[in-house]
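Coordinates as given in entry-v6.txt (compact mmCIF, C-alpha atoms):
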# COMPACT_ATOMS: atom_id res chain seq x y z
CA MET V 1 149.98 101.31 141.24
CA PRO V 2 146.43 100.69 140.01
CA ASP V 3 145.60 97.68 137.88
CA ASP V 4 143.97 99.67 135.04
CA THR V 5 144.47 102.94 133.16
CA PRO V 6 142.34 105.81 134.52
CA ASN V 7 140.33 106.65 131.39
CA LEU V 8 139.85 103.58 129.22
CA ALA V 9 140.36 100.99 132.00
CA LEU V 10 143.01 99.15 130.00
CA PRO V 11 144.79 96.56 132.16
CA TYR V 12 148.41 97.20 133.09
CA ILE V 13 151.07 94.52 132.90
CA LEU V 14 152.20 94.30 136.51
CA PRO V 15 155.79 93.71 137.70
CA GLY V 16 156.60 90.04 137.93
CA GLN V 17 153.29 89.05 136.33
CA ALA V 18 153.11 85.63 134.72
CA GLN V 19 151.53 85.21 131.29
CA LYS V 20 151.97 88.87 130.42
CA HIS V 21 150.60 88.26 126.94
CA VAL V 22 147.12 87.70 128.42
CA THR V 23 146.98 91.20 129.89
CA HIS V 24 148.53 92.71 126.77
CA ASN V 25 146.00 91.01 124.51
CA GLU V 26 143.13 92.14 126.75
CA ALA V 27 144.25 95.75 126.36
CA LEU V 28 144.49 95.33 122.57
CA ARG V 29 141.00 93.80 122.53
CA LEU V 30 139.54 96.79 124.34
CA LEU V 31 141.35 99.27 122.12
CA ASP V 32 140.06 97.44 119.05
CA ALA V 33 136.53 97.93 120.35
CA MET V 34 136.80 101.60 121.36
CA VAL V 35 139.10 103.28 118.84
CA GLN V 36 137.25 104.67 115.77
CA LEU V 37 134.04 103.47 117.41
CA SER V 38 131.25 102.48 115.02
CA VAL V 39 128.15 100.46 115.91
CA LEU V 40 125.84 98.52 113.63
CA ASP V 41 122.66 99.89 115.21
CA ARG V 42 121.09 101.31 118.40
CA THR V 43 117.69 99.61 118.46
CA ARG V 44 118.43 96.14 119.84
CA THR V 45 117.56 95.11 123.39
CA ALA V 46 118.97 91.58 122.99
CA PRO V 47 121.88 90.05 121.06
CA PRO V 48 121.30 88.99 117.44
CA ALA V 49 120.89 85.27 116.81
CA SER V 50 123.98 84.95 114.61
CA PRO V 51 126.54 87.61 115.55
CA THR V 52 129.79 88.10 113.69
CA GLU V 53 133.11 88.44 115.45
CA GLY V 54 133.85 92.14 115.93
CA ASP V 55 130.21 93.28 115.81
CA ARG V 56 129.34 96.26 117.99
CA HIS V 57 125.89 97.47 118.99
CA LEU V 58 124.69 100.40 121.07
CA VAL V 59 122.28 98.65 123.44
CA ALA V 60 118.77 100.12 123.53
CA ALA V 61 116.78 100.78 126.70
CA GLY V 62 115.13 97.73 128.28
CA ALA V 63 117.94 95.30 127.48
CA ILE V 64 117.37 91.62 128.28
CA GLY V 65 119.20 88.31 128.11
CA ALA V 66 122.97 88.50 127.79
CA TRP V 67 122.66 92.30 127.61
CA ASP V 68 120.48 92.70 130.71
CA GLY V 69 121.45 95.94 132.48
CA TRP V 70 123.57 97.14 129.56
CA ASP V 71 121.22 99.98 128.47
CA GLY V 72 123.23 102.67 126.67
CA SER V 73 126.43 100.63 126.70
CA ILE V 74 128.36 99.23 123.75
CA ALA V 75 128.08 95.46 123.27
CA PHE V 76 131.20 94.09 121.58
CA ARG V 77 131.37 90.57 120.18
CA VAL V 78 134.84 89.08 120.59
CA ASP V 79 136.21 85.57 121.12
CA GLY V 80 132.71 84.14 120.91
CA ALA V 81 131.31 86.24 123.77
CA TRP V 82 129.83 89.68 124.44
CA ILE V 83 131.89 92.32 126.24
CA ARG V 84 130.28 95.42 127.74
CA LEU V 85 131.91 98.80 127.17
CA ILE V 86 130.54 101.43 129.53
CA PRO V 87 130.70 104.80 127.70
CA ARG V 88 132.07 107.96 129.26
CA PRO V 89 131.10 111.57 128.46
CA GLY V 90 132.69 112.65 125.20
CA TRP V 91 132.70 109.27 123.49
CA GLN V 92 131.63 109.39 119.88
CA THR V 93 130.22 106.68 117.64
CA TRP V 94 128.89 106.25 114.13
CA VAL V 95 125.57 104.38 113.76
CA GLU V 96 125.93 102.47 110.52
CA ALA V 97 122.24 101.59 110.10
CA GLU V 98 121.26 105.26 110.16
CA GLY V 99 124.40 107.01 108.93
CA VAL V 100 124.43 109.40 111.90
CA PRO V 101 127.05 110.36 114.51
CA LEU V 102 126.27 110.32 118.24
CA ILE V 103 128.02 111.89 121.21
CA ARG V 104 127.79 110.60 124.77
CA THR V 105 126.85 113.14 127.44
CA ALA V 106 126.78 112.50 131.18
CA SER V 107 123.53 110.55 130.87
CA ALA V 108 122.63 109.81 127.24
CA TRP V 109 123.72 109.43 123.64
CA LEU V 110 122.70 112.50 121.64
CA ALA V 111 122.78 113.33 117.95
CA LEU V 112 125.65 115.60 117.02
CA ASP V 113 123.44 118.64 116.42
CA ALA V 114 121.64 118.24 119.76
CA ALA V 115 124.86 117.68 121.72
CA MET V 116 126.65 120.66 120.21
CA GLY V 117 123.75 123.00 119.48
CA LEU V 118 124.33 122.84 115.73
CA ILE V 119 121.88 123.68 112.96
CA THR V 120 121.51 120.78 110.56
CA ARG V 121 120.40 120.93 106.96
CA SER V 122 116.86 119.60 106.78
CA ALA V 123 113.35 120.62 105.73
CA ASN V 124 112.51 121.90 109.21
CA VAL V 125 115.19 123.30 111.55
CA ILE V 126 115.30 125.17 114.85
CA VAL V 127 117.65 128.18 114.79
CA ALA V 128 117.00 129.46 118.33
CA ARG V 129 115.73 127.79 121.51
CA GLY V 130 114.94 129.43 124.85
CA ALA V 131 115.52 128.02 128.32
CA HIS V 132 111.95 126.71 128.39
CA ASP V 133 111.91 125.35 124.82
CA SER V 134 110.37 128.33 123.04
CA THR V 135 111.77 128.27 119.51
CA VAL V 136 112.26 130.11 116.25
CA GLY V 137 112.70 127.96 113.19
CA MET V 138 112.70 127.80 109.43
CA ALA V 139 110.90 125.30 107.24
CA VAL V 140 110.38 124.49 103.58
CA PHE V 141 107.70 122.20 102.12
CA GLU V 142 107.95 120.86 98.56
CA GLU V 143 105.61 119.11 96.18
CA THR V 144 105.57 118.29 92.49
CA LEU V 145 102.20 118.88 90.85
CA SER V 146 102.20 116.65 87.77
CA GLY V 147 99.65 115.74 85.15
CA LEU V 148 98.17 119.24 85.33
CA SER V 149 94.60 119.29 84.10
CA GLY V 150 91.70 121.71 84.11
CA ALA V 151 91.39 125.35 85.04
CA ASP V 152 93.55 125.06 88.16
CA SER V 153 95.51 122.67 90.37
CA THR V 154 95.62 122.70 94.18
CA SER V 155 98.57 121.45 96.24
CA SER V 156 98.17 118.72 98.84
CA ILE V 157 100.82 120.37 101.02
CA VAL V 158 99.69 123.50 102.82
CA ILE V 159 101.11 126.70 104.20
CA PRO V 160 100.86 125.73 107.89
CA ALA V 161 98.76 127.69 110.32
CA GLY V 162 100.79 129.54 112.94
CA THR V 163 103.75 130.28 110.68
CA LEU V 164 105.14 133.39 109.03
CA LEU V 165 105.07 132.93 105.28
CA LEU V 166 108.07 134.23 103.34
CA GLY V 167 106.91 133.15 99.91
CA VAL V 168 106.29 130.34 97.44
CA SER V 169 108.67 129.44 94.62
CA THR V 170 108.00 127.40 91.48
CA ARG V 171 109.87 125.54 88.76
CA THR V 172 108.30 124.11 85.61
CA LEU V 173 109.66 120.58 85.24
CA THR V 174 107.94 119.40 82.06
CA ALA V 175 106.28 121.57 79.43
CA ILE V 176 102.83 122.78 80.37
CA THR V 177 100.28 122.27 77.63
CA GLY V 178 96.89 123.87 77.10
CA ALA V 179 97.66 127.04 79.05
CA THR V 180 99.85 129.86 77.75
CA SER V 181 101.03 130.75 81.28
CA PHE V 182 99.93 130.21 84.87
CA ASP V 183 99.53 132.11 88.10
CA CYS V 184 100.65 130.94 91.53
CA GLY V 185 98.73 131.98 94.62
CA VAL V 186 95.97 130.97 96.98
CA ALA V 187 92.19 130.97 96.76
CA GLY V 188 91.03 134.57 96.67
CA ASP V 189 94.43 135.86 95.50
CA ILE V 190 95.48 133.63 92.61
CA GLY V 191 98.54 135.70 91.64
CA LYS V 192 99.84 136.27 95.17
CA PHE V 193 103.20 134.62 94.45
CA GLY V 194 103.49 135.34 90.74
CA ALA V 195 101.43 135.88 87.58
CA ALA V 196 101.89 134.85 83.95
CA LEU V 197 104.62 132.35 84.86
CA GLY V 198 106.50 130.40 82.22
CA ILE V 199 105.30 127.08 80.81
CA ALA V 200 108.62 125.92 79.29
CA PRO V 201 110.74 123.36 81.15
CA GLY V 202 113.20 125.08 83.48
CA SER V 203 111.11 128.22 83.92
CA SER V 204 111.26 129.30 87.57
CA HIS V 205 109.97 132.03 89.81
CA LEU V 206 110.76 133.15 93.36
CA GLY V 207 107.54 134.53 94.82
CA ILE V 208 108.82 136.43 97.86
CA ILE V 209 106.36 138.41 99.96
CA ALA V 210 106.70 140.44 103.16
CA PRO V 211 106.55 138.01 106.14
CA GLU V 212 102.87 137.33 106.61
CA PRO V 213 101.16 135.45 109.47
CA VAL V 214 99.13 132.44 108.39
CA LEU V 215 96.08 131.71 110.55
CA ALA V 216 94.77 128.57 108.82
CA ASP V 217 96.30 125.76 106.78
CA THR V 218 96.29 127.08 103.21
CA PRO V 219 97.03 125.12 100.01
CA VAL V 220 98.82 126.66 97.04
CA LEU V 221 96.78 127.20 93.87
CA LEU V 222 98.09 127.11 90.28
CA THR V 223 95.69 128.77 87.84
CA ALA V 224 95.88 128.31 84.05
CA ASN V 225 95.87 131.32 81.72
CA GLY V 226 94.76 131.26 78.06
CA GLY V 227 93.05 127.90 78.39
CA PRO V 228 92.89 124.95 80.80
CA PHE V 229 95.87 122.80 81.69
CA THR V 230 96.16 119.65 79.59
CA GLY V 231 99.54 118.46 80.84
CA GLY V 232 102.83 119.37 82.44
CA ALA V 233 104.45 119.38 85.88
CA VAL V 234 105.40 122.18 88.27
CA ARG V 235 107.39 121.84 91.49
CA ILE V 236 106.41 124.23 94.27
CA ALA V 237 108.20 125.14 97.50
CA ILE V 238 106.62 126.88 100.50
CA HIS V 239 109.09 128.93 102.57
CA THR V 240 108.17 129.76 106.19
CA LEU V 241 109.38 130.87 109.61
CA THR V 242 108.09 128.92 112.58
CA CYS V 243 107.56 129.90 116.23
CA GLY V 244 107.27 127.45 119.12
CA ILE V 245 105.70 128.37 122.45
CA PRO V 246 107.52 127.73 125.76
CA ALA V 247 106.91 124.56 127.74

Just give me the structure as C-alpha cells.
Amino acid sequence: MPDDTPNLALPYILPGQAQKHVTHNEALRLLDAMVQLSVLDRTRTAPPASPTEGDRHLVAAGAIGAWDGWDGSIAFRVDGAWIRLIPRPGWQTWVEAEGVPLIRTASAWLALDAAMGLITRSANVIVARGAHDSTVGMAVFEETLSGLSGADSTSSIVIPAGTLLLGVSTRTLTAITGATSFDCGVAGDIGKFGAALGIAPGSSHLGIIAPEPVLADTPVLLTANGGPFTGGAVRIAIHTLTCGIPA
C-alpha cells in the first residue's frame, strides 16, 4: 500500500502507526490549502515580510529565498512555515488581487478564457484564431466629448487603421447649447454617421454603415449646426472588426 493518495498526495494512516493524529492532521492541513483554492496574488517571487497564517500565493517566475524553485506552485503559510503545493493539470484558483480565475494546464496557469477558448466581455475581443495566430476580432472604442465649443469638436480616439468600420454611435449626455443640432462624421464627410442629431440629454443615434476598410487612423468629428457649440457633452462609440495576420 502506498503512503499517499494518488491525486492529492494526502498521507494515509498506516496499520499499526503510532501517533495517528499527526498523519490525520497533515492530511487536513493539505485539504485546507487545496479545497476551494484562492490565492492572494501571483506576482511575488519571495515571501511577504509579515505573512498571516493561512495565506496562499501563486509563486511568480524567478522565485528566491524560501520560495526558491517554487515557480508556478502554491505557497501556503501554515504553522509558522511555508508549504509548497505543486499544482496538477485541471487545478483552479481565484486570484484575489485581480478578481480573475486561473486554470492549470500541463505547463502553466492560464486565464479561464485562454484555457477554455472562451470569448470574454471586453472592449477588444478575439472571436476566431487560426493555428498560426491569425485572428478575427471585434472592438469598440469610447470617449466622452465634453465642454463642446466652437464650430466642431474632434475626438482623441481614432478609428484604427487596418480595421473594418461598422459604424459610430452617439449619445448626448448633457444639453448642447449654441447649436440647434449636430452632425457626426469624419473630415471630408461630416454627416457620415448621422446628420441633424439631437441636442437634448438622452438623445442617441446608431450610425451603422456597410463594413468599410480603414486605411489610416481617423478621428471622429462632431460638427455644430445653426451656430457654434457653447456647451454640452456627447459620448461617442466606434464599432469595428479587426483582423490579425498569422505569425

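Using only C-alpha atoms, the shortest contact distance between Ala216 in chain V and any of V:Leu145, V:Trp82, V:Ala175, V:Thr163 is found at V:Thr163.
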
For this session: Identify, on the basis of all atoms listed in the file, every residue whose closest approach to Thr43 in chain V does not exceed 9 Å; exclude the query and any residue fewer than 2 positions from it along the same chain; express the result as a PyMOL selection string.
Result: chain V and resi 41+45+57-61

Once 4 Å is added on each side, what centre and edge lengths in Å to one decimal does the axis-aligned box around all listed atoms of range 57-71 of chain V have, as JSON?
{"center_x": 120.5, "center_y": 94.5, "center_z": 125.7, "size_x": 18.8, "size_y": 20.5, "size_z": 21.5}

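Note that the spacing between CA of Asn225 in chain V and CA of Gly198 in chain V amounts to 10.7 Å.
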
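Relative to CA of His239 in chain V, CA of Val140 in chain V is found at 4.7 Å.
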
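When only C-alpha atoms are used to compute distances to Asp133 in chain V, the closest of the residues V:Ile13, V:Ala81, V:Ala63, V:Ala247 turns out to be V:Ala247.
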
Exercise. Which residue, V:Arg29, V:Arg84, V:Arg104, V:Arg129, has the smallest gap to Trp67 in chain V when you use only C-alpha atoms?
Worked result: V:Arg84

Exercise. For the atom pair CA of Thr172 in chain V and CA of Ser203 in chain V, what is the interatomic distance in Å to one decimal place?
Worked result: 5.3 Å

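Residue nearest Pro101 in chain V, chosen from V:Val127, V:Leu40, V:Ala151, V:Ile245 and counting only C-alpha atoms: V:Leu40.
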
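The neighbours of range 34-37 of chain V here are the residues that come within 9 Å of it, using only C-alpha atoms and leaving out any residue fewer than 5 positions away in the same chain; they are Leu8, Arg29, Arg56, Leu85, Trp91, Gln92, Thr93 and Trp94 of chain V.
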
For this session: Within 8 Å of Leu241 in chain V, counting all atoms listed in the file, which residues show up once you throw out same-chain ones fewer than 4 positions away? Write them as a ChimeraX atom specification, please.
Result: /V:136-139,163-166

Using C-alpha atoms, can you export the residues from the last selection as a PDB file, in the coordinates of the input?
ATOM      1  CA  VAL V 136     112.260 130.110 116.250  1.00  0.00           C
ATOM      2  CA  GLY V 137     112.700 127.960 113.190  1.00  0.00           C
ATOM      3  CA  MET V 138     112.700 127.800 109.430  1.00  0.00           C
ATOM      4  CA  ALA V 139     110.900 125.300 107.240  1.00  0.00           C
ATOM      5  CA  THR V 163     103.750 130.280 110.680  1.00  0.00           C
ATOM      6  CA  LEU V 164     105.140 133.390 109.030  1.00  0.00           C
ATOM      7  CA  LEU V 165     105.070 132.930 105.280  1.00  0.00           C
ATOM      8  CA  LEU V 166     108.070 134.230 103.340  1.00  0.00           C
TER       9      LEU V 166
END

For this session: Would you please work out which residue, of V:Ala123, V:Val158, V:Val214, V:Leu10, is nearest to Cys243 in chain V when using only C-alpha atoms?
Result: V:Val214

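Residues with any atom within 12 Å of Ala196 in chain V, counting all atoms listed in the file and excluding same-chain neighbours fewer than 6 positions away, are Ala179, Thr180, Ser181, Phe182, Asp183, Cys184, Gly185, Ile190, Ser203, Ser204, His205, Leu222, Thr223, Ala224, Asn225 and Gly226 of chain V.
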
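Checking V:Asp71, V:Asp113, V:Asp4, V:Glu26 one by one against Ile86 in chain V, counting all atoms listed in the file, you find the shortest gap at V:Asp71.
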
Exercise. Quick one: residues within 10 Å of Val78 in chain V, all atoms listed in the file counted, chain neighbours fewer than 4 positions away excluded, as a ChimeraX atom specification?
Worked result: /V:29-30,32-33,51-56,82-83

Exercise. Could you tell me, as number ranges by chain, which residues have any atom at most 10 Å from (127.8, 101.0, 107.5), counting only C-alpha atoms?
Worked result: V: 38-41, 94-99

Can I get a file of range 13-26 of chain V from the given structure, all heavy atoms kept, as a PDB file, in the first residue's frame?
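Result written to out.pdb:
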ATOM      1  N   ILE V  13      -3.040   6.962   6.945  1.00  0.00           N
ATOM      2  CA  ILE V  13      -2.720   6.412   8.257  1.00  0.00           C
ATOM      3  C   ILE V  13      -2.437   4.927   8.056  1.00  0.00           C
ATOM      4  O   ILE V  13      -3.286   4.179   7.569  1.00  0.00           O
ATOM      5  CB  ILE V  13      -3.885   6.622   9.245  1.00  0.00           C
ATOM      6  CG1 ILE V  13      -4.117   8.117   9.480  1.00  0.00           C
ATOM      7  CG2 ILE V  13      -3.592   5.921  10.575  1.00  0.00           C
ATOM      8  CD1 ILE V  13      -5.329   8.427  10.346  1.00  0.00           C
ATOM      9  N   LEU V  14      -1.245   4.503   8.387  1.00  0.00           N
ATOM     10  CA  LEU V  14      -0.813   3.140   8.119  1.00  0.00           C
ATOM     11  C   LEU V  14      -1.161   2.203   9.271  1.00  0.00           C
ATOM     12  O   LEU V  14      -1.278   2.642  10.438  1.00  0.00           O
ATOM     13  CB  LEU V  14       0.693   3.120   7.868  1.00  0.00           C
ATOM     14  CG  LEU V  14       1.176   3.996   6.700  1.00  0.00           C
ATOM     15  CD1 LEU V  14       2.690   3.950   6.594  1.00  0.00           C
ATOM     16  CD2 LEU V  14       0.523   3.583   5.400  1.00  0.00           C
ATOM     17  N   PRO V  15      -1.359   0.920   8.995  1.00  0.00           N
ATOM     18  CA  PRO V  15      -1.670  -0.041  10.061  1.00  0.00           C
ATOM     19  C   PRO V  15      -0.587  -0.040  11.138  1.00  0.00           C
ATOM     20  O   PRO V  15       0.606  -0.055  10.856  1.00  0.00           O
ATOM     21  CB  PRO V  15      -1.699  -1.379   9.321  1.00  0.00           C
ATOM     22  CG  PRO V  15      -1.973  -1.038   7.893  1.00  0.00           C
ATOM     23  CD  PRO V  15      -1.307   0.282   7.673  1.00  0.00           C
ATOM     24  N   GLY V  16      -1.024   0.004  12.356  1.00  0.00           N
ATOM     25  CA  GLY V  16      -0.103  -0.056  13.476  1.00  0.00           C
ATOM     26  C   GLY V  16       0.697   1.206  13.688  1.00  0.00           C
ATOM     27  O   GLY V  16       1.645   1.225  14.491  1.00  0.00           O
ATOM     28  N   GLN V  17       0.363   2.270  12.987  1.00  0.00           N
ATOM     29  CA  GLN V  17       1.135   3.516  13.096  1.00  0.00           C
ATOM     30  C   GLN V  17       0.927   4.171  14.456  1.00  0.00           C
ATOM     31  O   GLN V  17      -0.199   4.269  14.945  1.00  0.00           O
ATOM     32  CB  GLN V  17       0.738   4.475  11.981  1.00  0.00           C
ATOM     33  CG  GLN V  17       1.419   5.837  12.061  1.00  0.00           C
ATOM     34  CD  GLN V  17       0.927   6.788  10.980  1.00  0.00           C
ATOM     35  OE1 GLN V  17       0.645   6.364   9.866  1.00  0.00           O
ATOM     36  NE2 GLN V  17       0.812   8.050  11.313  1.00  0.00           N
ATOM     37  N   ALA V  18       1.994   4.642  15.045  1.00  0.00           N
ATOM     38  CA  ALA V  18       1.893   5.425  16.275  1.00  0.00           C
ATOM     39  C   ALA V  18       1.582   6.879  15.931  1.00  0.00           C
ATOM     40  O   ALA V  18       1.864   7.346  14.830  1.00  0.00           O
ATOM     41  CB  ALA V  18       3.205   5.324  17.051  1.00  0.00           C
ATOM     42  N   GLN V  19       1.006   7.579  16.871  1.00  0.00           N
ATOM     43  CA  GLN V  19       0.678   8.999  16.698  1.00  0.00           C
ATOM     44  C   GLN V  19      -0.093   9.246  15.402  1.00  0.00           C
ATOM     45  O   GLN V  19       0.265  10.072  14.579  1.00  0.00           O
ATOM     46  CB  GLN V  19       1.961   9.835  16.704  1.00  0.00           C
ATOM     47  CG  GLN V  19       2.823   9.630  17.917  1.00  0.00           C
ATOM     48  CD  GLN V  19       3.256  10.922  18.586  1.00  0.00           C
ATOM     49  OE1 GLN V  19       3.163  11.996  18.016  1.00  0.00           O
ATOM     50  NE2 GLN V  19       3.697  10.800  19.819  1.00  0.00           N
ATOM     51  N   LYS V  20      -1.178   8.515  15.270  1.00  0.00           N
ATOM     52  CA  LYS V  20      -2.000   8.624  14.046  1.00  0.00           C
ATOM     53  C   LYS V  20      -2.537  10.032  13.831  1.00  0.00           C
ATOM     54  O   LYS V  20      -2.810  10.432  12.704  1.00  0.00           O
ATOM     55  CB  LYS V  20      -3.152   7.622  14.109  1.00  0.00           C
ATOM     56  CG  LYS V  20      -2.722   6.169  14.061  1.00  0.00           C
ATOM     57  CD  LYS V  20      -3.924   5.246  14.142  1.00  0.00           C
ATOM     58  CE  LYS V  20      -3.543   3.788  13.937  1.00  0.00           C
ATOM     59  NZ  LYS V  20      -2.591   3.281  14.911  1.00  0.00           N
ATOM     60  N   HIS V  21      -2.705  10.771  14.890  1.00  0.00           N
ATOM     61  CA  HIS V  21      -3.260  12.123  14.742  1.00  0.00           C
ATOM     62  C   HIS V  21      -2.339  13.019  13.921  1.00  0.00           C
ATOM     63  O   HIS V  21      -2.790  13.961  13.254  1.00  0.00           O
ATOM     64  CB  HIS V  21      -3.497  12.749  16.122  1.00  0.00           C
ATOM     65  CG  HIS V  21      -2.241  13.058  16.873  1.00  0.00           C
ATOM     66  ND1 HIS V  21      -1.501  12.100  17.537  1.00  0.00           N
ATOM     67  CD2 HIS V  21      -1.568  14.242  17.051  1.00  0.00           C
ATOM     68  CE1 HIS V  21      -0.449  12.663  18.101  1.00  0.00           C
ATOM     69  NE2 HIS V  21      -0.463  13.962  17.828  1.00  0.00           N
ATOM     70  N   VAL V  22      -1.029  12.744  13.942  1.00  0.00           N
ATOM     71  CA  VAL V  22      -0.095  13.571  13.174  1.00  0.00           C
ATOM     72  C   VAL V  22      -0.370  13.431  11.680  1.00  0.00           C
ATOM     73  O   VAL V  22      -0.461  14.421  10.941  1.00  0.00           O
ATOM     74  CB  VAL V  22       1.363  13.181  13.498  1.00  0.00           C
ATOM     75  CG1 VAL V  22       2.324  13.959  12.594  1.00  0.00           C
ATOM     76  CG2 VAL V  22       1.666  13.446  14.961  1.00  0.00           C
ATOM     77  N   THR V  23      -0.522  12.204  11.221  1.00  0.00           N
ATOM     78  CA  THR V  23      -0.819  11.963   9.806  1.00  0.00           C
ATOM     79  C   THR V  23      -2.182  12.511   9.434  1.00  0.00           C
ATOM     80  O   THR V  23      -2.365  13.117   8.368  1.00  0.00           O
ATOM     81  CB  THR V  23      -0.751  10.460   9.509  1.00  0.00           C
ATOM     82  OG1 THR V  23       0.538   9.978   9.846  1.00  0.00           O
ATOM     83  CG2 THR V  23      -1.041  10.178   8.036  1.00  0.00           C
ATOM     84  N   HIS V  24      -3.156  12.304  10.309  1.00  0.00           N
ATOM     85  CA  HIS V  24      -4.506  12.810  10.048  1.00  0.00           C
ATOM     86  C   HIS V  24      -4.501  14.330   9.919  1.00  0.00           C
ATOM     87  O   HIS V  24      -5.099  14.901   8.989  1.00  0.00           O
ATOM     88  CB  HIS V  24      -5.428  12.377  11.186  1.00  0.00           C
ATOM     89  CG  HIS V  24      -6.825  12.910  11.087  1.00  0.00           C
ATOM     90  ND1 HIS V  24      -7.712  12.490  10.115  1.00  0.00           N
ATOM     91  CD2 HIS V  24      -7.484  13.864  11.816  1.00  0.00           C
ATOM     92  CE1 HIS V  24      -8.855  13.141  10.259  1.00  0.00           C
ATOM     93  NE2 HIS V  24      -8.740  13.972  11.281  1.00  0.00           N
ATOM     94  N   ASN V  25      -3.811  14.991  10.838  1.00  0.00           N
ATOM     95  CA  ASN V  25      -3.771  16.455  10.800  1.00  0.00           C
ATOM     96  C   ASN V  25      -3.027  16.962   9.569  1.00  0.00           C
ATOM     97  O   ASN V  25      -3.370  18.008   9.013  1.00  0.00           O
ATOM     98  CB  ASN V  25      -3.113  16.995  12.070  1.00  0.00           C
ATOM     99  CG  ASN V  25      -3.995  16.830  13.301  1.00  0.00           C
ATOM    100  OD1 ASN V  25      -5.202  16.612  13.171  1.00  0.00           O
ATOM    101  ND2 ASN V  25      -3.396  16.909  14.474  1.00  0.00           N
ATOM    102  N   GLU V  26      -2.002  16.237   9.120  1.00  0.00           N
ATOM    103  CA  GLU V  26      -1.287  16.627   7.908  1.00  0.00           C
ATOM    104  C   GLU V  26      -2.210  16.587   6.696  1.00  0.00           C
ATOM    105  O   GLU V  26      -2.189  17.489   5.840  1.00  0.00           O
ATOM    106  CB  GLU V  26      -0.086  15.711   7.697  1.00  0.00           C
ATOM    107  CG  GLU V  26       0.678  15.964   6.413  1.00  0.00           C
ATOM    108  CD  GLU V  26       1.346  17.322   6.366  1.00  0.00           C
ATOM    109  OE1 GLU V  26       1.478  17.991   7.418  1.00  0.00           O
ATOM    110  OE2 GLU V  26       1.746  17.738   5.260  1.00  0.00           O
TER     111      GLU V  26
END
